[in-house]
Every structure is written in structure tokens, then in C-alpha cells.
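**Q** Dropping a structure here in C-alpha cells format, bear with me for questions.
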Amino acid sequence: MHDTTRTREPWGEAEKVAWRARQQVQRSYKELVLDRIEALTARFHVQQTGSLSYDPSRYPLFLLRSRDWSAARPTVLITGGVHGYETSGVLGALQFMERDAGDYLGRVNLACVPCVSPWGFETVNRWNPLTLDPNRCFYKNSPAEESAALMQVVASLATPLLVHMDLHETTDTDNTVFRPDRAARDGVDEDLWHIPDGFYTVGDSRNPQAEFQRAIIDSVRKETHIAPPDDQGCLIGKPLEQEGVINYDAQGLHLCTGFTRAHYASTTEVYPDSPRTNPAACIRAQVAAVRGGVDYALAALENH
């Protein structure tokens, strides 16, 4: 795809304020996320770790942890909603904790932050209210509250991570809304990319763990189709490393999976706009991704 979005000047504060004023609440963080977290309090240690200053009572932040946390066990982190508009990431993290976590309790320490960006979740946005992308802001003194809060949570765990699964989506609105907005915000020309039809993962080019990524893909293909490459052999502009897998410099780009330095890390990407899938299948695909990744990591530990 070669359509190009053009603009002359990057946004100043007035344009950012105008953008924020256009955003509308489209769904309920309380009903879709907080109520489900509350229902899990009997099974997990549920801790409020902070809140977003935009509206602290509306946007509290929560961490779910295994009740029998032990330094002798490996630790698994599941994050969803770093980009709030990526619905199955949030709902997939919750569904895993509700239905699947029991299979792993006693074998690993489980930590889950199901919705990193609740304002983005409610307004169906990639950015936060300051027009910042949280998934480019995981660094010291981060200007994004959402990113800073998650970094504090991970530091509080005080344990190395065996696995970090960060659950995302790639949607048609990446081309129709978010990339054009970014081009306007930054005052640049930006080519729109081909939206992959299917599931894929993004590994870390500094720690790719190809077999781990393959195990995720093999697990997910039971629930939804795997994205084929475009005519250039790429997914979202990156060369295919193997079926359904590309790599980014997660640390250099300040992505969520980069700062945690987990031994095994993957960013999942579900395509909810495909005519070949539906919302429930996308959620199941996220759960399958987590299971496939954690199962591989535990088997690798046992074999060493």
C-alpha cells in the first residue's frame, strides 16, 4: 500500500488539546475490566498499584498475583491493554486468569496487569490523553503515566521474569486512524502499511528466542489463522523471520517487552477485523498464545 498521509507542521499544544477534546468514552473500564478483577480476589492477590491522574477514581490500576508466591519458582508476567484499543489483549489476559491460570499455579508465579491503559481502553485509543504512545515510552522518567506505572509494578516483583507475554492487536484503524494521526502530530509523511490478515508475534531482535515464538504460533493456529507475509515477504514492514514471526528492537524502541528483560518475551498481534475470525476467537487466540509460550518455557526449564 502506497497511500501517504501528509501534513505541514507538527501539532502544538493547541492541536493536542483539540484532539483530546474529540475523544469520547465508548465503553466501561469498570464493567468490562474492574468488575472481573474484583471477582478474582478470592483466587489471587489483587493489589491496586496506583491510578491515572486524568481521573484517579475512574482509572485505578491493578496487579493480580499468585497467592502462593515463591522465590523458588519462575515468574510469568502477562500484560494487556498497553494500547487500550486492542480489545482482545485486555479480555484475553482476564480470560486466562479466570479459566487457565489454575493449570499453572504451584508451578510458576503468575503476575498479570490486564489493562495498562484504561483511558485508552475506554476511549478506544492507542495513545494516552497527552498523545503519547505508551508502547514507545518504557524508559526511565517516562512521560507516559501508564508506562511508568507498569515499570514500577515490575520492579516491585523483585524477581527476574522467565516469560513476559504482552497481548496486542493489529487493526484496520491502524491505517485509518492512528497512523494518519501520528503523521499529523509529528508533521511527517508516512506510508500506510499492509494490515496482516491473521495472528503473528513480535520478538525482540536482541533476544529473539525463535523456538519459543514458534511454540506460540503452533498453539494459536488451533484457534485462528496465522498471518501470511505480504508480497515483499514482510509483516507491517518487517521481514518475516519464520511463519508468523517478526522481530523488533524492543529495548531500543522502548517497547513493553524490552524493559522487562524476560528470558522469553513475545508481543502477540491478533487481527480482529478479519472476516475469518470473531471477537471470541481473538480472545481464545490470546489465551492460546500465553499457554503456548508458558508451556514451552517450562518444558525448556525441565530439560535443563
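Chain labels run A, B, ... following the order of the C-alpha cells; each chain numbers its residues from 1, and ligands are numbered from 1 in the order shown.
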For Gly252 (chain A), list every protein, DNA or RNA residue within 12 Å, evaluated using only C-alpha atoms, and leave out those in the same chain fewer than 2 positions away; present the list as a PyMOL selection string.
**A** chain A and resi 135-139+204-206+248-250+254-259
**Q** Hey, what's within 12 Å of Ala158 (chain A) if we count only C-alpha atoms and toss same-chain stuff fewer than 5 positions away? As an MDAnalysis selection string, please?
**A** chainID A and resid 69:71 75 109 111 151:153 260
**Q** Which residues, written as a PyMOL selection string, have at least one atom at most 9 Å from Glu241 (chain A), with only C-alpha atoms counted and residues fewer than 6 positions away on the same chain left out?
**A** chain A and resi 210+234+247
**Q** Assign secondary structure with DSSP using the backbone only, and return the residues of region 19-196 of chain A in alpha helix (DSSP H) as JSON, numbers by chain.
**A** {"A": [19, 20, 21, 22, 29, 35, 36, 37, 38, 87, 88, 89, 90, 91, 92, 93, 94, 95, 118, 119, 120, 121, 122, 123, 145, 146, 147, 148, 149, 150, 151, 152, 153, 154, 155, 156, 157, 173, 179, 180, 181, 182, 183, 184, 185, 186]}
**Q** Nearest residue to Asp186 (chain A) out of A:Ser266, A:Asn141, A:Thr131, A:Gln242, using only C-alpha atoms?
**A**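 When distances to Asp186 (chain A) are compared using only C-alpha atoms, the smallest one comes from A:Thr131.
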**Q** Could you please write out, as an mmCIF file with C-alpha atoms, in the first residue's frame, every residue of region 165-299 of chain A that DSSP assigns to strand (DSSP E)?
**A**
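Just written: part_16.cif:
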data_model
loop_
_atom_site.group_PDB
_atom_site.id
_atom_site.type_symbol
_atom_site.label_atom_id
_atom_site.label_comp_id
_atom_site.auth_asym_id
_atom_site.auth_seq_id
_atom_site.Cartn_x
_atom_site.Cartn_y
_atom_site.Cartn_z
ATOM 1 C CA MET A 165 3.562 -12.146 27.232
ATOM 2 C CA ASP A 166 2.338 -8.712 26.066
ATOM 3 C CA LEU A 167 -1.031 -9.075 24.343
ATOM 4 C CA HIS A 168 -1.813 -6.751 21.409
ATOM 5 C CA GLU A 169 -3.869 -6.446 18.215
ATOM 6 C CA GLU A 190 4.007 8.407 6.472
ATOM 7 C CA ASP A 191 3.340 5.443 4.206
ATOM 8 C CA TYR A 200 1.570 -13.044 14.353
ATOM 9 C CA THR A 201 4.130 -12.356 17.066
ATOM 10 C CA VAL A 202 6.831 -9.747 17.506
ATOM 11 C CA GLY A 203 10.025 -10.996 19.101
ATOM 12 C CA ASP A 204 12.968 -8.954 20.366
ATOM 13 C CA CYS A 234 7.106 -8.754 5.316
ATOM 14 C CA LEU A 235 4.601 -8.153 8.085
ATOM 15 C CA LYS A 238 9.421 -6.056 8.823
ATOM 16 C CA PRO A 239 10.912 -9.124 7.134
ATOM 17 C CA VAL A 245 7.043 -14.051 13.430
ATOM 18 C CA ILE A 246 8.880 -10.755 13.005
ATOM 19 C CA ASN A 247 11.411 -9.084 15.293
ATOM 20 C CA TYR A 248 11.705 -5.508 16.571
ATOM 21 C CA TYR A 264 11.295 -15.372 26.925
ATOM 22 C CA ALA A 265 9.229 -12.440 25.665
ATOM 23 C CA SER A 266 6.671 -12.014 22.935
ATOM 24 C CA THR A 267 4.273 -9.349 21.727
ATOM 25 C CA THR A 268 1.180 -11.035 20.327
ATOM 26 C CA GLU A 269 -0.762 -9.495 17.451
ATOM 27 C CA VAL A 270 -4.311 -10.635 16.715
#
**Q** Can you list every residue of region 119-208 of chain A that has an atom at most 8 Å from region 13-35 of chain A, with its nearest atom pair and the distance in Å to one decimal, using only C-alpha atoms, ordered by chain then number, as a Markdown table?
**A**
| residue | atom | partner | partner_atom | distance |
| --- | --- | --- | --- | --- |
| A:Phe121 | CA | A:Tyr29 | CA | 6.9 |
| A:Glu122 | CA | A:Arg27 | CA | 5.0 |
| A:Thr123 | CA | A:Val25 | CA | 4.5 |
| A:Val124 | CA | A:Gln26 | CA | 6.9 |
| A:Pro129 | CA | A:Arg20 | CA | 6.0 |
| A:Leu130 | CA | A:Lys16 | CA | 7.0 |
| A:Thr131 | CA | A:Lys16 | CA | 6.8 |
| A:Arg185 | CA | A:Lys16 | CA | 7.9 |
**Q** Write out, as a PDB file, in the first residue's frame, the residues just selected, with C-alpha atoms.
**A**
ATOM      1  CA  PHE A 121      -9.425   1.271  26.715  1.00  0.00           C
ATOM      2  CA  GLU A 122     -12.498   3.411  27.377  1.00  0.00           C
ATOM      3  CA  THR A 123     -11.900   5.852  24.515  1.00  0.00           C
ATOM      4  CA  VAL A 124     -10.604   3.128  22.145  1.00  0.00           C
ATOM      5  CA  PRO A 129      -4.526  11.776  26.604  1.00  0.00           C
ATOM      6  CA  LEU A 130      -1.175  13.507  26.003  1.00  0.00           C
ATOM      7  CA  THR A 131      -0.947  11.916  22.510  1.00  0.00           C
ATOM      8  CA  ARG A 185       1.038  15.025  15.191  1.00  0.00           C
TER       9      ARG A 185
END
**Q** For region 84-100 of chain A, work out the shell of residues within 8 Å, counting only C-alpha atoms and skipping chain neighbours fewer than 4 positions away, then give it as a ChimeraX atom specification.
**A** /A:33,36-37,40,78-80,104,112-127,166-171,270,279,282-287,290
**Q** Counting only C-alpha atoms, which residue out of A:His263, A:Gly12, A:Val82, A:Gln251 sits closest to Leu298 (chain A)?
**A**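 Answer, going by the shortest atom-to-atom distance: A:His263.
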**Q** For the atom pair CA of Val46 (chain A) and CA of Phe62 (chain A), what is the interatomic distance in Å to one decimal place?
**A**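 These two atoms are separated by 6.8 Å.
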**Q** Taking 3 positions as the minimum chain separation for residues in the same chain, which residues sit within 10 Å of region 300-304 of chain A when counting only C-alpha atoms? Answer as a compact mmCIF listing (two decimals) with C-alpha atoms, in the first residue's frame.
**A**
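What ended up in selection.txt:
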# COMPACT_ATOMS: atom_id res chain seq x y z
CA PRO A 74 9.92 -18.96 37.86
CA LEU A 162 11.04 -16.25 32.86
CA PHE A 212 9.63 -20.01 21.81
CA VAL A 294 4.48 -20.68 29.12
CA ASP A 295 4.32 -24.38 28.27
CA TYR A 296 7.42 -24.05 26.07
CA ALA A 297 9.34 -22.14 28.74
**Q** Considering only C-alpha atoms, can you say which of A:Val76, A:Ala184, A:Ala101, A:Ala262 comes closest to Phe44 (chain A)?
**A**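 Among the listed residues, the smallest separation from Phe44 (chain A) belongs to A:Ala101.
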**Q** Which residue gives the smallest distance to Gln209 (chain A) among A:Gly293, A:Gly50, A:Gly102, A:Gly81, with only C-alpha atoms counted?
**A**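 Of A:Gly293, A:Gly50, A:Gly102, A:Gly81, the one nearest Gln209 (chain A) is A:Gly293, counting only C-alpha atoms.
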**Q** For the atom pair CA of Ala281 (chain A) and CA of Phe199 (chain A), what is the interatomic distance in Å to one decimal place?
**A**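 According to the coordinates, CA of Ala281 (chain A) and CA of Phe199 (chain A) are separated by 11.1 Å.
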**Q** Here is a test: counting only C-alpha atoms, which residue of A:Val188, A:Glu211, A:Ser51, A:Thr224 is nearest to Ala280 (chain A)?
**A**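 Looking only at the distances to Ala280 (chain A), the closest residue turns out to be A:Thr224.
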**Q** Would you pick out the contacts of Pro229 (chain A) at 8 Å or less, using only C-alpha atoms, so that residues sharing its chain but fewer than 3 positions from it are not included, and give the list as a ChimeraX atom specification?
**A** /A:196,232-235,240,244
